[in-house]
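Participant: Next up, query_21.txt (compact mmCIF, C-alpha atoms and all ligand atoms).
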```
# COMPACT_ATOMS: atom_id res chain seq x y z
CA MET A 3 15.08 -21.27 11.93
CA ASP A 4 17.56 -19.28 13.98
CA PHE A 5 15.90 -15.86 13.84
CA PHE A 6 13.96 -16.34 17.05
CA SER A 7 15.57 -14.85 20.17
CA THR A 8 19.02 -14.63 18.57
CA SER A 9 21.34 -11.90 17.40
CA LYS A 10 20.23 -12.34 13.77
CA THR A 11 18.56 -9.16 12.59
CA LEU A 12 15.66 -8.29 10.34
CA GLY A 13 16.10 -4.81 8.89
CA ILE A 14 13.13 -2.67 7.84
CA LEU A 15 13.48 0.33 5.54
CA GLY A 16 10.89 2.82 6.78
CA GLY A 17 9.46 3.38 10.24
CA GLY A 18 5.95 4.63 9.53
CA GLN A 19 2.72 2.98 10.62
CA LEU A 20 3.28 -0.04 8.39
CA GLY A 21 6.67 -0.59 10.01
CA LYS A 22 5.13 -0.20 13.45
CA MET A 23 2.49 -2.84 12.68
CA LEU A 24 5.13 -5.22 11.24
CA LEU A 25 6.89 -4.93 14.58
CA TYR A 26 3.85 -6.25 16.49
CA THR A 27 4.83 -9.63 15.08
CA THR A 28 8.57 -9.34 15.67
CA ARG A 29 7.87 -8.39 19.31
CA LYS A 30 5.49 -11.35 19.66
CA TRP A 31 8.17 -13.73 18.36
CA ASP A 32 11.21 -11.99 19.86
CA ILE A 33 12.87 -11.33 16.51
CA ASN A 34 15.65 -8.77 16.60
CA THR A 35 14.91 -5.74 14.39
CA SER A 36 16.59 -2.64 13.10
CA VAL A 37 14.66 0.23 11.45
CA LEU A 38 15.92 3.02 9.17
CA ASP A 39 13.80 6.17 8.89
CA PRO A 40 14.51 9.86 8.33
CA SER A 41 12.28 11.03 11.20
CA GLU A 42 13.28 11.02 14.89
CA ASP A 43 9.57 10.62 15.69
CA ALA A 44 8.95 7.63 13.40
CA PRO A 45 5.90 5.64 14.65
CA ALA A 46 7.96 2.39 14.58
CA ARG A 47 10.71 3.74 16.78
CA LEU A 48 9.48 2.41 20.12
CA ALA A 49 8.89 -1.14 18.93
CA CYS A 50 12.23 -1.90 17.22
CA ASP A 51 15.46 -3.05 18.89
CA LYS A 52 17.61 -0.57 17.02
CA PHE A 53 16.62 2.67 15.32
CA VAL A 54 18.84 4.36 12.74
CA LYS A 55 18.06 7.85 11.49
CA GLY A 56 18.79 8.22 7.80
CA ASP A 57 17.55 9.06 4.32
CA LEU A 58 15.89 6.06 2.64
CA THR A 59 16.77 7.38 -0.82
CA ASP A 60 20.46 7.88 -0.05
CA PHE A 61 22.79 5.14 -1.40
CA GLN A 62 25.24 5.21 1.50
CA ALA A 63 22.60 5.35 4.25
CA VAL A 64 20.74 2.32 2.84
CA TYR A 65 23.92 0.38 2.03
CA ASP A 66 25.47 0.91 5.49
CA PHE A 67 22.20 -0.06 7.17
CA GLY A 68 21.80 -3.15 4.98
CA LYS A 69 25.33 -4.40 5.74
CA LYS A 70 24.37 -4.86 9.40
CA VAL A 71 21.24 -6.99 8.89
CA ASP A 72 20.61 -10.57 7.74
CA VAL A 73 17.29 -10.06 5.96
CA LEU A 74 16.09 -6.71 4.69
CA THR A 75 12.52 -5.69 3.93
CA ILE A 76 10.64 -2.44 3.32
CA GLU A 77 7.47 -0.70 4.41
CA ILE A 78 7.72 2.02 1.72
CA GLU A 79 8.77 1.66 -1.94
CA LYS A 80 10.67 4.92 -2.22
CA VAL A 81 14.10 3.58 -1.23
CA ASN A 82 17.51 3.54 -2.93
CA VAL A 83 17.37 0.50 -5.22
CA LYS A 84 21.02 0.79 -6.36
CA ALA A 85 22.13 0.20 -2.75
CA LEU A 86 19.77 -2.78 -2.53
CA GLU A 87 21.18 -4.27 -5.75
CA LYS A 88 24.69 -4.05 -4.35
CA LEU A 89 23.62 -5.57 -1.03
CA GLU A 90 21.85 -8.40 -2.87
CA GLN A 91 25.03 -9.16 -4.84
CA GLU A 92 26.90 -9.26 -1.55
CA GLY A 93 24.54 -11.88 -0.12
CA VAL A 94 21.96 -9.95 1.90
CA LYS A 95 18.48 -11.42 1.48
CA ILE A 96 16.22 -8.61 0.28
CA TYR A 97 12.44 -9.06 0.02
CA PRO A 98 10.86 -7.55 -2.00
CA GLN A 99 13.73 -8.17 -4.40
CA PRO A 100 15.39 -5.03 -5.86
CA HIS A 101 14.21 -5.89 -9.40
CA VAL A 102 10.58 -5.82 -8.21
CA LEU A 103 11.06 -2.42 -6.56
CA LYS A 104 12.79 -1.03 -9.63
CA THR A 105 9.79 -1.86 -11.83
CA ILE A 106 7.25 -0.60 -9.32
CA GLN A 107 8.96 2.71 -8.57
CA ASN A 108 8.28 3.92 -12.08
CA LYS A 109 4.66 3.83 -13.25
CA CYS A 110 5.71 3.62 -16.93
CA LEU A 111 7.96 0.61 -16.30
CA GLN A 112 5.20 -0.95 -14.21
CA LYS A 113 2.57 -0.58 -16.95
CA LYS A 114 4.91 -1.93 -19.63
CA PHE A 115 5.60 -4.90 -17.39
CA TYR A 116 1.87 -5.77 -17.35
CA LYS A 117 1.65 -5.44 -21.09
CA ARG A 118 4.69 -7.69 -21.60
CA HIS A 119 3.28 -10.36 -19.29
CA GLY A 120 -0.24 -10.32 -20.73
CA ILE A 121 -1.71 -8.96 -17.48
CA PRO A 122 -4.91 -6.96 -18.13
CA THR A 123 -4.49 -3.24 -17.45
CA ALA A 124 -5.99 0.06 -18.71
CA SER A 125 -4.51 1.19 -22.04
CA PHE A 126 -1.83 3.86 -21.78
CA VAL A 127 0.71 6.02 -23.59
CA GLU A 128 4.06 7.07 -22.18
CA PHE A 129 5.37 10.67 -22.49
CA GLU A 130 8.75 12.14 -21.62
CA THR A 131 7.41 15.64 -20.94
CA LEU A 132 4.09 17.40 -20.41
CA ASP A 133 4.73 19.45 -23.57
CA GLN A 134 4.57 16.25 -25.59
CA VAL A 135 1.14 15.54 -24.04
CA LYS A 136 -0.03 19.00 -25.14
CA GLU A 137 1.27 18.41 -28.69
CA SER A 138 -0.55 15.11 -28.79
CA ILE A 139 -3.83 16.86 -27.87
CA ILE A 140 -3.31 19.50 -30.58
CA LYS A 141 -2.66 16.79 -33.17
CA GLY A 142 -5.87 15.08 -32.09
CA ASP A 143 -4.11 11.90 -30.95
CA LEU A 144 -5.34 12.35 -27.39
CA SER A 145 -8.78 13.44 -26.21
CA PHE A 146 -10.37 14.35 -22.87
CA PRO A 147 -11.01 13.00 -20.33
CA PHE A 148 -7.92 10.95 -19.46
CA VAL A 149 -5.87 10.06 -16.41
CA TRP A 150 -2.47 11.69 -16.00
CA LYS A 151 0.09 9.95 -13.78
CA SER A 152 3.52 11.24 -12.93
CA ALA A 153 6.04 8.52 -13.79
CA GLU A 154 7.91 8.71 -10.53
CA MET A 155 6.41 10.65 -7.64
CA GLY A 156 3.08 8.94 -6.99
CA TYR A 157 1.76 8.29 -3.49
CA ASP A 158 -1.82 8.07 -2.19
CA GLY A 159 -3.27 9.77 -5.24
CA TYR A 160 -0.72 12.65 -5.33
CA GLY A 161 0.78 12.51 -8.78
CA VAL A 162 -2.50 11.27 -10.28
CA SER A 163 -5.08 13.52 -11.90
CA ILE A 164 -8.20 13.04 -13.95
CA VAL A 165 -7.91 15.64 -16.69
CA HIS A 166 -11.06 17.02 -18.35
CA SER A 167 -9.79 20.14 -20.10
CA LYS A 168 -6.74 22.03 -21.43
CA LYS A 169 -6.90 24.36 -18.41
CA GLU A 170 -6.38 21.47 -16.00
CA ILE A 171 -3.16 20.44 -17.75
CA GLU A 172 -1.43 23.65 -16.68
CA SER A 173 -1.32 22.65 -13.00
CA LEU A 174 0.42 19.32 -13.71
CA ASN A 175 4.05 18.49 -13.13
CA SER A 176 6.08 18.97 -16.34
CA GLY A 177 8.14 15.76 -16.19
CA ALA A 178 7.77 12.22 -17.56
CA CYS A 179 4.25 10.84 -17.29
CA LEU A 180 1.79 8.20 -18.25
CA ILE A 181 -1.55 8.97 -19.86
CA GLU A 182 -4.15 6.31 -19.17
CA GLU A 183 -7.65 5.76 -20.44
CA LEU A 184 -10.21 6.73 -17.79
CA VAL A 185 -11.71 3.43 -16.67
CA PRO A 186 -15.44 3.75 -15.80
CA PHE A 187 -14.95 1.14 -13.08
CA GLU A 188 -17.77 -0.25 -11.01
CA LYS A 189 -15.58 -0.98 -8.01
CA GLU A 190 -11.97 -0.75 -6.89
CA LEU A 191 -10.82 -4.09 -5.56
CA SER A 192 -7.67 -5.36 -3.98
CA VAL A 193 -6.21 -8.82 -3.43
CA ILE A 194 -3.31 -9.30 -1.05
CA VAL A 195 -1.09 -12.20 -2.01
CA CYS A 196 1.88 -13.52 -0.09
CA ARG A 197 4.69 -15.68 -1.51
CA ARG A 198 7.50 -17.58 0.15
CA PRO A 199 10.99 -17.88 -1.39
CA GLN A 200 10.32 -21.35 -2.87
CA GLY A 201 7.06 -20.14 -4.42
CA GLU A 202 4.37 -21.26 -1.92
CA THR A 203 1.61 -18.67 -2.27
CA VAL A 204 -1.49 -17.71 -0.28
CA HIS A 205 -4.05 -14.97 -0.84
CA TYR A 206 -6.60 -13.08 1.25
CA PRO A 207 -10.25 -12.65 0.21
CA VAL A 208 -10.99 -9.93 -2.36
CA VAL A 209 -11.73 -6.59 -0.67
CA GLU A 210 -13.35 -3.44 -2.05
CA SER A 211 -12.22 0.11 -1.40
CA GLU A 212 -14.43 3.16 -1.25
CA PHE A 213 -12.73 6.48 -1.96
CA HIS A 214 -13.21 9.98 -0.59
CA PRO A 215 -15.13 11.88 -3.26
CA THR A 216 -12.51 14.62 -3.69
CA ALA A 217 -9.30 13.69 -1.87
CA ASN A 218 -8.57 10.59 -4.03
CA GLN A 219 -7.86 8.66 -0.83
CA VAL A 220 -9.35 5.39 0.46
CA GLU A 221 -11.99 5.98 3.13
CA TYR A 222 -13.36 2.47 3.70
CA VAL A 223 -12.14 -1.05 2.92
CA LEU A 224 -14.72 -3.85 3.04
CA CYS A 225 -13.85 -7.51 3.46
CA PRO A 226 -15.26 -9.40 1.70
CA ALA A 227 -15.99 -7.28 -1.37
CA ARG A 228 -19.69 -7.17 -2.28
CA ILE A 229 -19.20 -8.69 -5.74
CA SER A 230 -20.25 -11.87 -7.56
CA GLU A 231 -18.37 -15.12 -7.03
CA GLN A 232 -17.34 -14.99 -10.67
CA ALA A 233 -15.81 -11.51 -10.32
CA ALA A 234 -13.99 -12.58 -7.13
CA LYS A 235 -12.54 -15.62 -8.93
CA LYS A 236 -11.37 -13.43 -11.79
CA ALA A 237 -9.73 -10.95 -9.40
CA ILE A 238 -7.87 -13.74 -7.62
CA THR A 239 -6.70 -15.30 -10.90
CA VAL A 240 -5.35 -11.95 -12.12
CA ALA A 241 -3.67 -11.24 -8.75
CA LEU A 242 -1.96 -14.65 -8.71
CA LYS A 243 -0.77 -14.21 -12.28
CA THR A 244 0.66 -10.82 -11.30
CA VAL A 245 2.57 -12.14 -8.30
CA GLU A 246 4.00 -15.00 -10.38
CA ALA A 247 5.12 -12.58 -13.09
CA TYR A 248 7.00 -10.48 -10.54
CA GLY A 249 8.32 -13.50 -8.66
CA GLN A 250 7.69 -11.35 -5.60
CA ILE A 251 8.65 -12.67 -2.16
CA GLY A 252 6.61 -11.33 0.75
CA LEU A 253 3.29 -9.51 0.42
CA LEU A 254 2.04 -8.10 -2.85
CA ALA A 255 -1.12 -5.98 -2.71
CA VAL A 256 -2.70 -6.01 -6.16
CA GLU A 257 -5.05 -3.05 -6.76
CA LEU A 258 -7.69 -3.76 -9.39
CA PHE A 259 -10.56 -2.14 -11.24
CA LEU A 260 -13.75 -4.14 -11.83
CA THR A 261 -15.37 -2.85 -15.02
CA PRO A 262 -19.13 -2.77 -15.72
CA GLU A 263 -18.54 -5.62 -18.22
CA GLY A 264 -17.09 -7.76 -15.42
CA ASP A 265 -13.46 -7.47 -16.53
CA VAL A 266 -10.68 -7.08 -14.00
CA LEU A 267 -7.76 -4.70 -14.72
CA VAL A 268 -4.60 -4.27 -12.66
CA ASN A 269 -4.14 -0.63 -11.61
CA GLU A 270 -0.95 -0.96 -9.61
CA VAL A 271 0.72 -3.10 -6.96
CA ALA A 272 2.49 -2.53 -3.64
CA PRO A 273 5.12 -5.09 -2.53
CA ARG A 274 4.52 -4.61 1.21
CA PRO A 275 1.75 -4.46 3.81
CA HIS A 276 -1.07 -2.33 2.45
CA ASN A 277 -3.90 -0.19 3.74
CA SER A 278 -6.37 -2.57 2.10
CA GLY A 279 -5.10 -5.35 4.39
CA HIS A 280 -5.41 -3.63 7.76
CA PHE A 281 -8.73 -5.38 8.43
CA SER A 282 -6.71 -8.61 8.72
CA ILE A 283 -5.27 -7.63 12.13
CA GLU A 284 -8.59 -8.41 13.78
CA ALA A 285 -10.58 -10.20 11.09
CA SER A 286 -8.19 -12.83 9.68
CA TYR A 287 -6.61 -15.93 11.16
CA THR A 288 -3.21 -14.52 10.16
CA CYS A 289 -2.81 -10.78 9.77
CA GLN A 290 -0.98 -9.35 6.74
CA PHE A 291 1.94 -8.11 8.86
CA GLU A 292 2.61 -11.51 10.41
CA GLN A 293 2.22 -13.07 6.96
CA HIS A 294 4.89 -10.80 5.52
CA ILE A 295 7.31 -11.62 8.36
CA ARG A 296 6.63 -15.34 7.83
CA ALA A 297 7.37 -15.03 4.10
CA VAL A 298 10.54 -12.95 4.30
CA LEU A 299 11.96 -15.23 7.01
CA ASP A 300 10.96 -18.29 4.94
CA LEU A 301 8.54 -19.68 7.53
CA PRO A 302 5.30 -21.59 6.80
CA LEU A 303 2.56 -19.21 5.68
CA GLY A 304 -0.57 -18.77 7.81
CA LYS A 305 -4.26 -19.28 7.11
CA THR A 306 -5.78 -16.30 5.28
CA SER A 307 -9.51 -16.85 5.72
CA SER A 308 -11.59 -14.49 7.83
CA LYS A 309 -13.02 -15.01 11.30
CA SER A 310 -15.63 -12.35 10.52
CA SER A 311 -16.62 -9.78 7.92
CA ALA A 312 -14.99 -6.44 8.57
CA VAL A 313 -14.79 -2.84 7.47
CA MET A 314 -11.76 -0.62 7.93
CA VAL A 315 -12.07 3.17 8.14
CA ASN A 316 -9.02 5.35 7.64
CA LEU A 317 -8.60 8.06 10.26
CA VAL A 318 -7.22 11.09 8.50
CA GLY A 319 -6.56 14.64 9.64
CA LYS A 320 -9.65 16.85 9.40
CA GLN A 321 -9.55 19.77 6.97
CA GLY A 322 -8.71 23.07 8.64
CA HIS A 323 -6.56 21.42 11.35
CA THR A 324 -2.74 21.49 11.32
CA GLY A 325 -0.68 20.93 14.47
CA PRO A 326 -0.52 18.71 17.60
CA VAL A 327 -3.19 16.03 17.33
CA VAL A 328 -6.17 14.96 19.46
CA TYR A 329 -8.64 12.17 18.70
CA LYS A 330 -12.00 13.70 19.57
CA ASN A 331 -14.67 11.25 20.84
CA ILE A 332 -12.40 8.19 20.77
CA ASP A 333 -14.04 7.08 24.05
CA GLN A 334 -17.46 7.01 22.38
CA VAL A 335 -16.10 4.84 19.56
CA LEU A 336 -14.39 2.47 22.01
CA ALA A 337 -17.75 1.95 23.71
CA ILE A 338 -19.20 0.28 20.58
CA GLU A 339 -18.87 -3.51 20.47
CA GLY A 340 -16.61 -4.77 17.67
CA VAL A 341 -14.95 -1.41 17.01
CA ILE A 342 -11.16 -1.34 17.33
CA PRO A 343 -9.19 1.88 16.77
CA HIS A 344 -5.49 1.94 15.85
CA ILE A 345 -3.56 5.15 16.50
CA TYR A 346 -0.27 5.40 14.63
CA GLY A 347 1.47 7.78 17.03
CA LYS A 348 2.23 10.69 14.70
CA LYS A 349 2.55 13.81 16.82
CA LYS A 350 1.10 16.28 14.34
CA THR A 351 -1.90 16.21 12.08
CA HIS A 352 -2.64 17.99 8.81
CA PRO A 353 -5.56 17.70 6.40
CA PHE A 354 -5.89 14.14 5.06
CA ARG A 355 -2.72 12.87 6.83
CA LYS A 356 -3.17 9.17 7.71
CA MET A 357 -3.19 9.21 11.53
CA GLY A 358 -4.79 5.86 12.29
CA HIS A 359 -7.53 3.47 11.26
CA VAL A 360 -10.51 1.76 12.87
CA THR A 361 -11.62 -1.80 12.23
CA ILE A 362 -15.27 -2.73 12.62
CA ILE A 363 -16.03 -6.40 13.08
CA HIS A 364 -19.54 -7.68 12.43
CA PRO A 365 -20.79 -10.93 10.87
CA LYS A 366 -22.91 -8.92 8.40
CA ILE A 367 -20.87 -6.73 6.05
CA ASP A 368 -23.72 -4.27 5.42
CA ILE A 369 -24.14 -3.65 9.15
CA ALA A 370 -20.36 -3.28 9.55
CA ARG A 371 -20.41 -0.67 6.75
CA LYS A 372 -23.17 1.32 8.50
CA MET A 373 -21.24 1.16 11.78
CA ALA A 374 -18.15 2.40 9.94
CA ALA A 375 -20.02 5.48 8.72
CA LYS A 376 -21.10 6.14 12.30
CA VAL A 377 -17.49 5.81 13.50
CA LYS A 378 -16.32 8.23 10.85
CA GLU A 379 -18.98 10.72 11.84
CA THR A 380 -18.17 10.44 15.56
CA LEU A 381 -14.38 10.32 15.73
CA SER A 382 -12.42 13.26 14.39
CA VAL A 383 -8.71 13.92 14.09
CA ILE A 384 -8.20 17.55 15.01
CA THR A 385 -5.74 19.86 16.77
CA LYS A 386 -5.81 20.75 20.47
P1 LIG A 401 -1.34 6.16 -6.29
O1 LIG A 401 -0.07 5.48 -6.65
O2 LIG A 401 -1.14 7.60 -5.95
O3 LIG A 401 -2.16 5.41 -5.26
P2 LIG A 401 -3.15 5.19 -8.37
O4 LIG A 401 -2.59 4.81 -9.66
O5 LIG A 401 -3.56 4.07 -7.45
O6 LIG A 401 -2.19 6.22 -7.63
O7 LIG A 401 -4.42 6.10 -8.59
C1 LIG A 401 -5.15 6.67 -7.51
C2 LIG A 401 -6.64 6.57 -7.78
O8 LIG A 401 -6.97 7.26 -8.99
C3 LIG A 401 -7.14 5.15 -8.02
O9 LIG A 401 -7.36 4.47 -6.83
C4 LIG A 401 -8.41 5.43 -8.81
O10 LIG A 401 -9.47 5.83 -7.95
C5 LIG A 401 -8.01 6.59 -9.69
N1 LIG A 401 -7.50 6.08 -10.99
C6 LIG A 401 -6.22 5.74 -11.28
N2 LIG A 401 -6.11 5.29 -12.54
C7 LIG A 401 -7.34 5.35 -13.09
C8 LIG A 401 -7.89 5.04 -14.38
N3 LIG A 401 -7.13 4.61 -15.38
N4 LIG A 401 -9.22 5.23 -14.56
C9 LIG A 401 -10.00 5.69 -13.57
N5 LIG A 401 -9.55 6.02 -12.35
C10 LIG A 401 -8.25 5.86 -12.09
```
Is it possible to give me this structure as structure tokens?
Facilitator:
Amino acid sequence: MDFFSTSKTLGILGGGQLGKMLLYTTRKWDINTSVLDPSEDAPARLACDKFVKGDLTDFQAVYDFGKKVDVLTIEIEKVNVKALEKLEQEGVKIYPQPHVLKTIQNKCLQKKFYKRHGIPTASFVEFETLDQVKESIIKGDLSFPFVWKSAEMGYDGYGVSIVHSKKEIESLNSGACLIEELVPFEKELSVIVCRRPQGETVHYPVVESEFHPTANQVEYVLCPARISEQAAKKAITVALKTVEAYGQIGLLAVELFLTPEGDVLVNEVAPRPHNSGHFSIEASYTCQFEQHIRAVLDLPLGKTSSKSSAVMVNLVGKQGHTGPVVYKNIDQVLAIEGVIPHIYGKKKTHPFRKMGHVTIIHPKIDIARKMAAKVKETLSVITK
């Protein structure tokens, strides 16, 4: 493998926190990297060998960047896939493959993919415009409540809305969308799978995510999930089937709903490192970021079991605070044994912006969860 300490280059589209954490591994192994990101202040900037400023959705910017690297990966899905298709035809190794990204970028295509491959998912109807949704309600074909999802602009719950009444429809985006049945799930689970080019696959333990009651954003991730062995087996089987169907190379985070009947449904996937895998930096034998680098460079995959139970807390900007950031009481949190904060390095905060995360390591998951609540209460992301 001639990537180590040579002039061969791994390119990463996106220089946010996920890019920064991918670079911990490339620094450790002295792998040459180049990062493309639109922001001068991208968190990954300091850890890469070369930084290129450019628009990730622009054909020429992505194509020109891709021509100068040997393997290309992503840390964000919203990139120009046409440029990636051309680069792939011209021999650049691109993981995740452009066809995977193309399906995932559009929620309608993604849902139809699950249906076609017999992968369990919530039932849905596709609409080209919001007016068609309204007509469907008038005709009595659609009834409240349901979940509305914008076909193309989703991210961290933006572009997703639980709709209870006609009035709520008015605030939605008018474009193409997906209407899904509202799943009365018991838990939201996630399984991170990683696959090498020849098909060797490993997976992490099933984790559970707890959401903020109003912001539709993950607050806590618990590893392992507090579910039955049978439910965990089902989740892993569904996740492995999903990764095989995509033929994905690199990480695939499979987000799942566990229903009260014990069924497991795929909500959506992310073909990259994922928030639900951050616990792995401290708690797993091989962290998700290193695993992804191993896979995309076609190196042996690492052990995925845990050294300890863990809980991850997202550190997001406090409501009412917009501007230069400070992390109030971080010293108090650092004083607690088994508590490890990660600060992404974004200069400015705004309400609910992901600014960092904290991992809590404790052999007992319930104690780790209580400590996580304490961390959340103590540490706040505010302005100066
Ligand atoms: P995003 O791409 O913005 O992360 P998701 O499709 O993951 O959007 O939806 C965000 C959240 O909305 C989910 O984590 C879940 O809490 C809720 N949600 C999404 N789809 C459904 C559904 N069909 N039934 C119930 N809740 C849902």
Participant: For chain A versus ligand LIG 401 (chain A), which residues have an atom no more than 8 Å away, and what is each residue's nearest atom pair and distance in Å rounded to one decimal, using all atoms listed in the file, chain-then-number order, as CSV?
Facilitator:
```
residue,atom,partner,partner_atom,distance
A:Ala124,CA,A:LIG401,N3,5.8
A:Ser125,CA,A:LIG401,N3,7.9
A:Phe148,CA,A:LIG401,N3,7.6
A:Val149,CA,A:LIG401,N3,5.7
A:Lys151,CA,A:LIG401,O4,7.1
A:Gly156,CA,A:LIG401,O2,4.5
A:Tyr157,CA,A:LIG401,O2,3.9
A:Asp158,CA,A:LIG401,O2,3.8
A:Gly159,CA,A:LIG401,O2,3.1
A:Tyr160,CA,A:LIG401,O2,5.1
A:Gly161,CA,A:LIG401,O2,6.0
A:Val162,CA,A:LIG401,O6,5.7
A:Ser163,CA,A:LIG401,O8,7.2
A:Ile164,CA,A:LIG401,N5,7.3
A:Glu182,CA,A:LIG401,N3,5.1
A:Glu183,CA,A:LIG401,N3,5.2
A:Leu184,CA,A:LIG401,N4,3.7
A:Val185,CA,A:LIG401,N4,3.7
A:Pro186,CA,A:LIG401,C9,6.2
A:Phe187,CA,A:LIG401,C9,6.7
A:Glu190,CA,A:LIG401,O9,7.0
A:Phe213,CA,A:LIG401,O10,6.9
A:Asn218,CA,A:LIG401,C2,5.8
A:Gln219,CA,A:LIG401,O9,7.3
A:Val220,CA,A:LIG401,O9,7.6
A:Glu257,CA,A:LIG401,O5,7.3
A:Asn269,CA,A:LIG401,O4,6.0
A:Glu270,CA,A:LIG401,O4,6.0
```
Participant: Which residues of segment 130-211 of chain A come within 10 Å of segment 246-249 of chain A, and what is each one's closest atom pair and distance in Å (one decimal), counting all atoms listed in the file, sorted by chain and residue number, as JSON lines?
Facilitator:
```
{"residue": "A:Arg197", "atom": "CA", "partner": "A:Gly249", "partner_atom": "CA", "distance": 8.3}
{"residue": "A:Arg198", "atom": "CA", "partner": "A:Gly249", "partner_atom": "CA", "distance": 9.7}
{"residue": "A:Pro199", "atom": "CA", "partner": "A:Gly249", "partner_atom": "CA", "distance": 8.9}
{"residue": "A:Gln200", "atom": "CA", "partner": "A:Gly249", "partner_atom": "CA", "distance": 10.0}
{"residue": "A:Gly201", "atom": "CA", "partner": "A:Gly249", "partner_atom": "CA", "distance": 8.0}
{"residue": "A:Thr203", "atom": "CA", "partner": "A:Glu246", "partner_atom": "CA", "distance": 9.2}
```
Participant: Report as JSON, numbers by chain all protein, DNA and RNA residues lying within 8 Å of segment 52-61 of chain A, evaluated on all atoms listed in the file, omitting residues in the same chain fewer than 4 positions from it.
Facilitator: {"A": [15, 16, 35, 36, 37, 38, 39, 40, 41, 42, 47, 65, 67, 80, 81, 82, 84, 85]}
Participant: Can you list, as a PyMOL selection string, every protein, DNA or RNA residue that comes within 9 Å of Glu210 of chain A when you count all atoms listed in the file, leaving out same-chain residues fewer than 3 positions away?
Facilitator: chain A and resi 189-192+222-229+278
Participant: I'd like the neighbourhood of Lys366 of chain A as a count of residues only, where a residue qualifies if any of its atoms comes within 9 Å (using all atoms listed in the file), though same-chain residues fewer than 2 positions away should be ignored.
Facilitator: 9
Participant: Find the distance between atom CA of Gly21 of chain A and atom CA of Ala49 of chain A and write it in Å to one decimal.
Facilitator: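 Computed distance, atom CA of Gly21 of chain A to atom CA of Ala49 of chain A, equals 9.2 Å.
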